Amino acid sequence: SMAIHYTTDAIITFDKAGIISSWNKGAKMMFGYKSPEMLQQSIEKIFSKKSFNDLVQHSEVLYNFEVTAYHKNGTTMTISLTLTPLHSTYLLIARDITHHIKIEEEITLKYQKIKDAYNQFGIIRRQMDYLFELFDLATERPDAKSIADFIVTSVIMLTKVDACVLRSYNKEKNSLDLMSSFGVSEDWRGKLSIKYKNSLAERAYLKEGALKIIDVSKEPRYQTPFLAKKMNLSSLLLIPLKYRGNLIVSISLYANPEKKLEIFENEFVEKYAKLIEIVLGSLYNK
């Protein structure tokens, strides 16, 4: 009928072998072939053999079936089709949805960007919360232990690392004494005191900056490699904290091998450490 001929939907009929018996104007507009080019030709000119086989295995009406099709100019398109099996023929009505899919992808991408921005905002808010909490804690003049515990907890929450160990420098013994830790086992806590001389903390203090080690098992100065291995801790970010030029504390952040580089990408933690220096410095100065 005239309606079928002039509709913008592609309307095609073909037999079980895929030989086309009718091809309307919509099909010409969609696929680029005129009807003399397609009549008595195989439907596989516009569909792959696999798509054709997927279509004809259905004995009932197939609604809104998405399939890849090929235009005369060689471009690929995504079409949504309805296939109705008649006695020995199939009636296929197709709509080109390539453009809709592209728009959907763009919307999804934009949504993801907004989500990322929102998450980033959430991270910044969390960072501010911890800064204010640390300030509040400092003004309450607490004991060193509760400050140390707060520092370790906040560092874990802000960086998502697997373990954090805070040690204070003991000038009399020239050792690093455990103040607080998270994510390490009891036998690790058993090492309450470690030598400062030739330690990684000494190296960090002398180089005046954070020490970044991708794999502690390959680091000769690292003092407890067997414990790190046991806990599946691979990389280390060690930050020395000073007060009036003297080392007071070292913060060690550990991550497992899967996220070994992530701990080095967190710029906030070193800035946060500067604030911790001031808070602990005032404590040590009492």
# chains A, B, ... in the order shown; residues from 1 in each chain; ligands from 1

$ residues_around --residues "A:Met29" --least-positions-apart "5" --cutoff "9 Å" --atoms "only C-alpha atoms" --output "number ranges by chain"
A: 8-10, 24, 34

$ write_last_selection --atoms "all heavy atoms" --output "PDB file, in the first residue's frame"
ATOM      1  N   THR A   8       8.674   6.286   6.866  1.00  0.00           N
ATOM      2  CA  THR A   8      10.138   6.444   7.047  1.00  0.00           C
ATOM      3  C   THR A   8      10.752   5.206   7.706  1.00  0.00           C
ATOM      4  O   THR A   8      11.961   5.051   7.721  1.00  0.00           O
ATOM      5  CB  THR A   8      10.458   7.681   7.916  1.00  0.00           C
ATOM      6  OG1 THR A   8       9.702   7.587   9.109  1.00  0.00           O
ATOM      7  CG2 THR A   8      10.118   8.973   7.198  1.00  0.00           C
ATOM      8  N   ASP A   9       9.912   4.335   8.275  1.00  0.00           N
ATOM      9  CA  ASP A   9      10.450   3.062   8.793  1.00  0.00           C
ATOM     10  C   ASP A   9      10.818   2.184   7.600  1.00  0.00           C
ATOM     11  O   ASP A   9      10.160   2.238   6.563  1.00  0.00           O
ATOM     12  CB  ASP A   9       9.389   2.320   9.624  1.00  0.00           C
ATOM     13  CG  ASP A   9       9.177   2.974  10.983  1.00  0.00           C
ATOM     14  OD1 ASP A   9       9.994   3.839  11.342  1.00  0.00           O
ATOM     15  OD2 ASP A   9       8.190   2.634  11.657  1.00  0.00           O
ATOM     16  N   ALA A  10      11.855   1.392   7.764  1.00  0.00           N
ATOM     17  CA  ALA A  10      12.206   0.432   6.707  1.00  0.00           C
ATOM     18  C   ALA A  10      11.276  -0.766   6.849  1.00  0.00           C
ATOM     19  O   ALA A  10      11.178  -1.355   7.931  1.00  0.00           O
ATOM     20  CB  ALA A  10      13.650   0.012   6.868  1.00  0.00           C
ATOM     21  N   ASN A  24      10.775  -1.124   0.794  1.00  0.00           N
ATOM     22  CA  ASN A  24      10.062   0.150   0.636  1.00  0.00           C
ATOM     23  C   ASN A  24      11.011   1.360   0.605  1.00  0.00           C
ATOM     24  O   ASN A  24      12.234   1.209   0.736  1.00  0.00           O
ATOM     25  CB  ASN A  24       8.997   0.311   1.732  1.00  0.00           C
ATOM     26  CG  ASN A  24       9.613   0.722   3.067  1.00  0.00           C
ATOM     27  OD1 ASN A  24      10.766   0.405   3.344  1.00  0.00           O
ATOM     28  ND2 ASN A  24       8.859   1.427   3.889  1.00  0.00           N
ATOM     29  N   LYS A  34      18.576   1.256  -3.515  1.00  0.00           N
ATOM     30  CA  LYS A  34      17.254   1.364  -4.172  1.00  0.00           C
ATOM     31  C   LYS A  34      16.665  -0.036  -4.265  1.00  0.00           C
ATOM     32  O   LYS A  34      17.406  -1.027  -4.235  1.00  0.00           O
ATOM     33  CB  LYS A  34      17.411   1.963  -5.575  1.00  0.00           C
ATOM     34  CG  LYS A  34      17.875   3.419  -5.541  1.00  0.00           C
ATOM     35  CD  LYS A  34      18.108   3.930  -6.944  1.00  0.00           C
ATOM     36  CE  LYS A  34      18.619   5.369  -6.863  1.00  0.00           C
ATOM     37  NZ  LYS A  34      19.310   5.770  -8.077  1.00  0.00           N
TER      38      LYS A  34
END

$ residues_around --residues "stretch 197-201 of chain A" --least-positions-apart "2" --cutoff "8 Å" --atoms "only C-alpha atoms" --output "ChimeraX atom specification"
/A:174-175,195,203-205,211,221-223,238-240,250

$ atom_distance --atom1 "atom CA of A:Ala163" --atom2 "atom CA of A:Ser252"
8.1 Å

$ residues_around --residues "A:Ala138" --least-positions-apart "6" --cutoff "12 Å" --atoms "only C-alpha atoms" --output "mmCIF file with N, CA and C atoms, in the first residue's frame"
data_model
loop_
_atom_site.group_PDB
_atom_site.id
_atom_site.type_symbol
_atom_site.label_atom_id
_atom_site.label_comp_id
_atom_site.auth_asym_id
_atom_site.auth_seq_id
_atom_site.Cartn_x
_atom_site.Cartn_y
_atom_site.Cartn_z
ATOM 1 N N LEU A 131 40.141 18.314 59.236
ATOM 2 C CA LEU A 131 40.973 19.452 59.632
ATOM 3 C C LEU A 131 40.372 20.136 60.856
ATOM 4 N N PHE A 132 39.044 20.404 60.777
ATOM 5 C CA PHE A 132 38.392 21.092 61.897
ATOM 6 C C PHE A 132 38.407 20.237 63.161
ATOM 7 N N ALA A 144 48.773 12.735 74.364
ATOM 8 C CA ALA A 144 49.411 12.356 73.095
ATOM 9 C C ALA A 144 48.741 11.131 72.474
ATOM 10 N N SER A 146 45.535 10.034 72.564
ATOM 11 C CA SER A 146 44.257 10.248 71.861
ATOM 12 C C SER A 146 44.464 11.038 70.574
ATOM 13 N N ILE A 147 45.439 11.967 70.568
ATOM 14 C CA ILE A 147 45.777 12.689 69.326
ATOM 15 C C ILE A 147 46.321 11.693 68.304
ATOM 16 N N ALA A 148 47.219 10.811 68.750
ATOM 17 C CA ALA A 148 47.842 9.827 67.849
ATOM 18 C C ALA A 148 46.777 8.922 67.244
ATOM 19 N N PHE A 150 43.599 9.574 66.836
ATOM 20 C CA PHE A 150 42.787 10.353 65.894
ATOM 21 C C PHE A 150 43.525 10.532 64.562
ATOM 22 N N ILE A 151 44.819 10.828 64.650
ATOM 23 C CA ILE A 151 45.614 11.036 63.425
ATOM 24 C C ILE A 151 45.584 9.784 62.556
ATOM 25 N N LEU A 275 49.767 20.170 59.190
ATOM 26 C CA LEU A 275 48.917 20.595 60.297
ATOM 27 C C LEU A 275 49.180 19.716 61.525
ATOM 28 N N ILE A 276 49.352 18.421 61.271
ATOM 29 C CA ILE A 276 49.636 17.489 62.379
ATOM 30 C C ILE A 276 50.931 17.912 63.087
ATOM 31 N N GLU A 277 51.912 18.365 62.279
ATOM 32 C CA GLU A 277 53.184 18.860 62.864
ATOM 33 C C GLU A 277 52.922 19.956 63.889
ATOM 34 N N ILE A 278 52.063 20.915 63.516
ATOM 35 C CA ILE A 278 51.780 22.053 64.405
ATOM 36 C C ILE A 278 51.091 21.570 65.682
ATOM 37 N N VAL A 279 50.080 20.689 65.491
ATOM 38 C CA VAL A 279 49.326 20.186 66.640
ATOM 39 C C VAL A 279 50.227 19.389 67.580
ATOM 40 N N LEU A 280 51.003 18.468 67.018
ATOM 41 C CA LEU A 280 51.902 17.650 67.856
ATOM 42 C C LEU A 280 53.022 18.504 68.434
ATOM 43 N N GLY A 281 53.487 19.468 67.647
ATOM 44 C CA GLY A 281 54.550 20.369 68.122
ATOM 45 C C GLY A 281 54.125 21.108 69.362
ATOM 46 N N SER A 282 52.862 21.579 69.365
ATOM 47 C CA SER A 282 52.382 22.306 70.553
ATOM 48 C C SER A 282 52.281 21.363 71.747
ATOM 49 N N LEU A 283 52.014 20.110 71.459
ATOM 50 C CA LEU A 283 51.905 19.091 72.513
ATOM 51 C C LEU A 283 53.285 18.810 73.119
ATOM 52 N N TYR A 284 54.287 18.685 72.217
ATOM 53 C CA TYR A 284 55.648 18.384 72.655
ATOM 54 C C TYR A 284 56.267 19.581 73.380
#

$ atom_distance --atom1 "atom CA of A:Ala273" --atom2 "atom CA of A:Gln127"
12.2 Å

$ select_by_dssp --residues "stretch 31-125 of chain A" --states "alpha helix (DSSP H)" --output "PyMOL selection string"
chain A and resi 31+35-38+49-56+98-125

$ residues_around --residues "A:Tyr254" --least-positions-apart "5" --cutoff "7 Å" --atoms "only C-alpha atoms" --output "number ranges by chain"
A: 161-164, 233-237

$ write_last_selection --atoms "C-alpha atoms" --output "PDB file, in the first residue's frame"
ATOM      1  CA  VAL A 161      45.244   2.994  52.611  1.00  0.00           C
ATOM      2  CA  ASP A 162      45.427  -0.453  54.191  1.00  0.00           C
ATOM      3  CA  ALA A 163      47.530   0.376  57.230  1.00  0.00           C
ATOM      4  CA  CYS A 164      48.939   3.346  59.086  1.00  0.00           C
ATOM      5  CA  LEU A 233      51.524  -4.677  52.398  1.00  0.00           C
ATOM      6  CA  SER A 234      53.675  -3.579  49.524  1.00  0.00           C
ATOM      7  CA  SER A 235      54.174   0.149  49.163  1.00  0.00           C
ATOM      8  CA  LEU A 236      55.031   2.713  51.778  1.00  0.00           C
ATOM      9  CA  LEU A 237      54.665   6.449  52.097  1.00  0.00           C
TER      10      LEU A 237
END

$ residues_around --residues "A:Trp23" --least-positions-apart "2" --cutoff "12 Å" --atoms "only C-alpha atoms" --output "NGL selection string"
:A and (4-7 or 9-14 or 19-21 or 25-43 or 91-94)

$ closest_residue --among "A:Ile194, A:Leu83, A:Ala210, A:Ile97" --to "A:Ala69" --atoms "only C-alpha atoms"
A:Ile97

$ closest_residue --among "A:Phe121, A:Leu241, A:Leu253, A:Asp129" --to "A:Gly183" --atoms "only C-alpha atoms"
A:Leu253

$ atom_distance --atom1 "atom CA of A:Ile103" --atom2 "atom CA of A:Val61"
28.3 Å

$ residues_around --residues "stretch 245-249 of chain A" --least-positions-apart "4" --cutoff "6 Å" --atoms "only C-alpha atoms" --output "list in words"
Arg167, Ser168, Tyr169 and Leu241 of chain A

$ closest_residue --among "A:Phe65, A:Lys115, A:Leu158, A:Ile213" --to "A:Phe264" --atoms "only C-alpha atoms"
A:Ile213

$ select_by_dssp --residues "stretch 153-276 of chain A" --states "strand (DSSP E)" --output "PyMOL selection string"
chain A and resi 163-170+175-182+193-195+211-213+235-243+246-255

$ write_last_selection --atoms "C-alpha atoms" --output "PDB file, in the first residue's frame"
ATOM      1  CA  ALA A 163      47.530   0.376  57.230  1.00  0.00           C
ATOM      2  CA  CYS A 164      48.939   3.346  59.086  1.00  0.00           C
ATOM      3  CA  VAL A 165      51.615   3.382  61.786  1.00  0.00           C
ATOM      4  CA  LEU A 166      52.562   6.420  63.857  1.00  0.00           C
ATOM      5  CA  ARG A 167      55.865   6.413  65.726  1.00  0.00           C
ATOM      6  CA  SER A 168      57.373   9.086  67.937  1.00  0.00           C
ATOM      7  CA  TYR A 169      61.087   9.796  67.995  1.00  0.00           C
ATOM      8  CA  ASN A 170      62.709   8.968  71.325  1.00  0.00           C
ATOM      9  CA  SER A 175      64.553   4.932  68.654  1.00  0.00           C
ATOM     10  CA  LEU A 176      61.128   5.209  67.043  1.00  0.00           C
ATOM     11  CA  ASP A 177      58.431   4.193  69.512  1.00  0.00           C
ATOM     12  CA  LEU A 178      54.964   3.056  68.496  1.00  0.00           C
ATOM     13  CA  MET A 179      52.226   5.574  69.360  1.00  0.00           C
ATOM     14  CA  SER A 180      49.282   4.275  67.382  1.00  0.00           C
ATOM     15  CA  SER A 181      48.517   1.975  64.466  1.00  0.00           C
ATOM     16  CA  PHE A 182      45.712   0.642  62.317  1.00  0.00           C
ATOM     17  CA  SER A 193      60.443   0.261  69.369  1.00  0.00           C
ATOM     18  CA  ILE A 194      62.669   0.235  66.292  1.00  0.00           C
ATOM     19  CA  LYS A 195      66.164   1.669  65.742  1.00  0.00           C
ATOM     20  CA  LEU A 211      59.727   8.910  51.266  1.00  0.00           C
ATOM     21  CA  LYS A 212      57.909   6.889  48.618  1.00  0.00           C
ATOM     22  CA  ILE A 213      58.758   3.202  48.298  1.00  0.00           C
ATOM     23  CA  SER A 235      54.174   0.149  49.163  1.00  0.00           C
ATOM     24  CA  LEU A 236      55.031   2.713  51.778  1.00  0.00           C
ATOM     25  CA  LEU A 237      54.665   6.449  52.097  1.00  0.00           C
ATOM     26  CA  LEU A 238      56.691   7.629  55.073  1.00  0.00           C
ATOM     27  CA  ILE A 239      56.258  11.230  56.225  1.00  0.00           C
ATOM     28  CA  PRO A 240      58.653  12.673  58.831  1.00  0.00           C
ATOM     29  CA  LEU A 241      57.127  15.362  61.061  1.00  0.00           C
ATOM     30  CA  LYS A 242      59.342  17.977  62.659  1.00  0.00           C
ATOM     31  CA  TYR A 243      58.995  20.606  65.323  1.00  0.00           C
ATOM     32  CA  ASN A 246      63.782  18.302  65.130  1.00  0.00           C
ATOM     33  CA  LEU A 247      62.081  15.064  64.203  1.00  0.00           C
ATOM     34  CA  ILE A 248      59.124  14.351  66.459  1.00  0.00           C
ATOM     35  CA  VAL A 249      57.047  11.719  64.673  1.00  0.00           C
ATOM     36  CA  SER A 250      56.998   9.506  61.583  1.00  0.00           C
ATOM     37  CA  ILE A 251      53.775   8.503  59.846  1.00  0.00           C
ATOM     38  CA  SER A 252      53.921   5.370  57.691  1.00  0.00           C
ATOM     39  CA  LEU A 253      51.126   4.630  55.237  1.00  0.00           C
ATOM     40  CA  TYR A 254      50.977   1.189  53.674  1.00  0.00           C
ATOM     41  CA  ALA A 255      49.029  -0.127  50.699  1.00  0.00           C
TER      42      ALA A 255
END

$ residues_around --residues "A:Glu66" --least-positions-apart "6" --cutoff "12 Å" --atoms "only C-alpha atoms" --output "PyMOL selection string"
chain A and resi 47+51+54-55+77-83+93-98+101

$ write_last_selection --atoms "C-alpha atoms" --output "PDB file, in the first residue's frame"
ATOM      1  CA  PHE A  47      22.988  -7.858   8.135  1.00  0.00           C
ATOM      2  CA  SER A  51      22.400 -11.471  12.879  1.00  0.00           C
ATOM      3  CA  ASP A  54      19.535 -14.835  15.228  1.00  0.00           C
ATOM      4  CA  LEU A  55      16.486 -13.307  13.535  1.00  0.00           C
ATOM      5  CA  MET A  77      24.347   1.452  12.237  1.00  0.00           C
ATOM      6  CA  THR A  78      22.329   0.178  15.163  1.00  0.00           C
ATOM      7  CA  ILE A  79      18.716  -0.549  14.321  1.00  0.00           C
ATOM      8  CA  SER A  80      15.749  -1.589  16.388  1.00  0.00           C
ATOM      9  CA  LEU A  81      13.442  -3.967  14.552  1.00  0.00           C
ATOM     10  CA  THR A  82      10.206  -5.850  14.849  1.00  0.00           C
ATOM     11  CA  LEU A  83      10.096  -9.159  12.985  1.00  0.00           C
ATOM     12  CA  ILE A  93      10.054  -3.208  10.271  1.00  0.00           C
ATOM     13  CA  ALA A  94      13.236  -1.377  11.262  1.00  0.00           C
ATOM     14  CA  ARG A  95      14.111   1.967  12.831  1.00  0.00           C
ATOM     15  CA  ASP A  96      17.612   3.474  12.893  1.00  0.00           C
ATOM     16  CA  ILE A  97      18.535   4.163  16.551  1.00  0.00           C
ATOM     17  CA  THR A  98      22.262   4.894  16.054  1.00  0.00           C
ATOM     18  CA  ILE A 101      22.339   5.514  21.312  1.00  0.00           C
TER      19      ILE A 101
END

$ closest_residue --among "A:Gln112, A:Asn266, A:Ser59, A:Asn53" --to "A:Thr89" --atoms "only C-alpha atoms"
A:Ser59
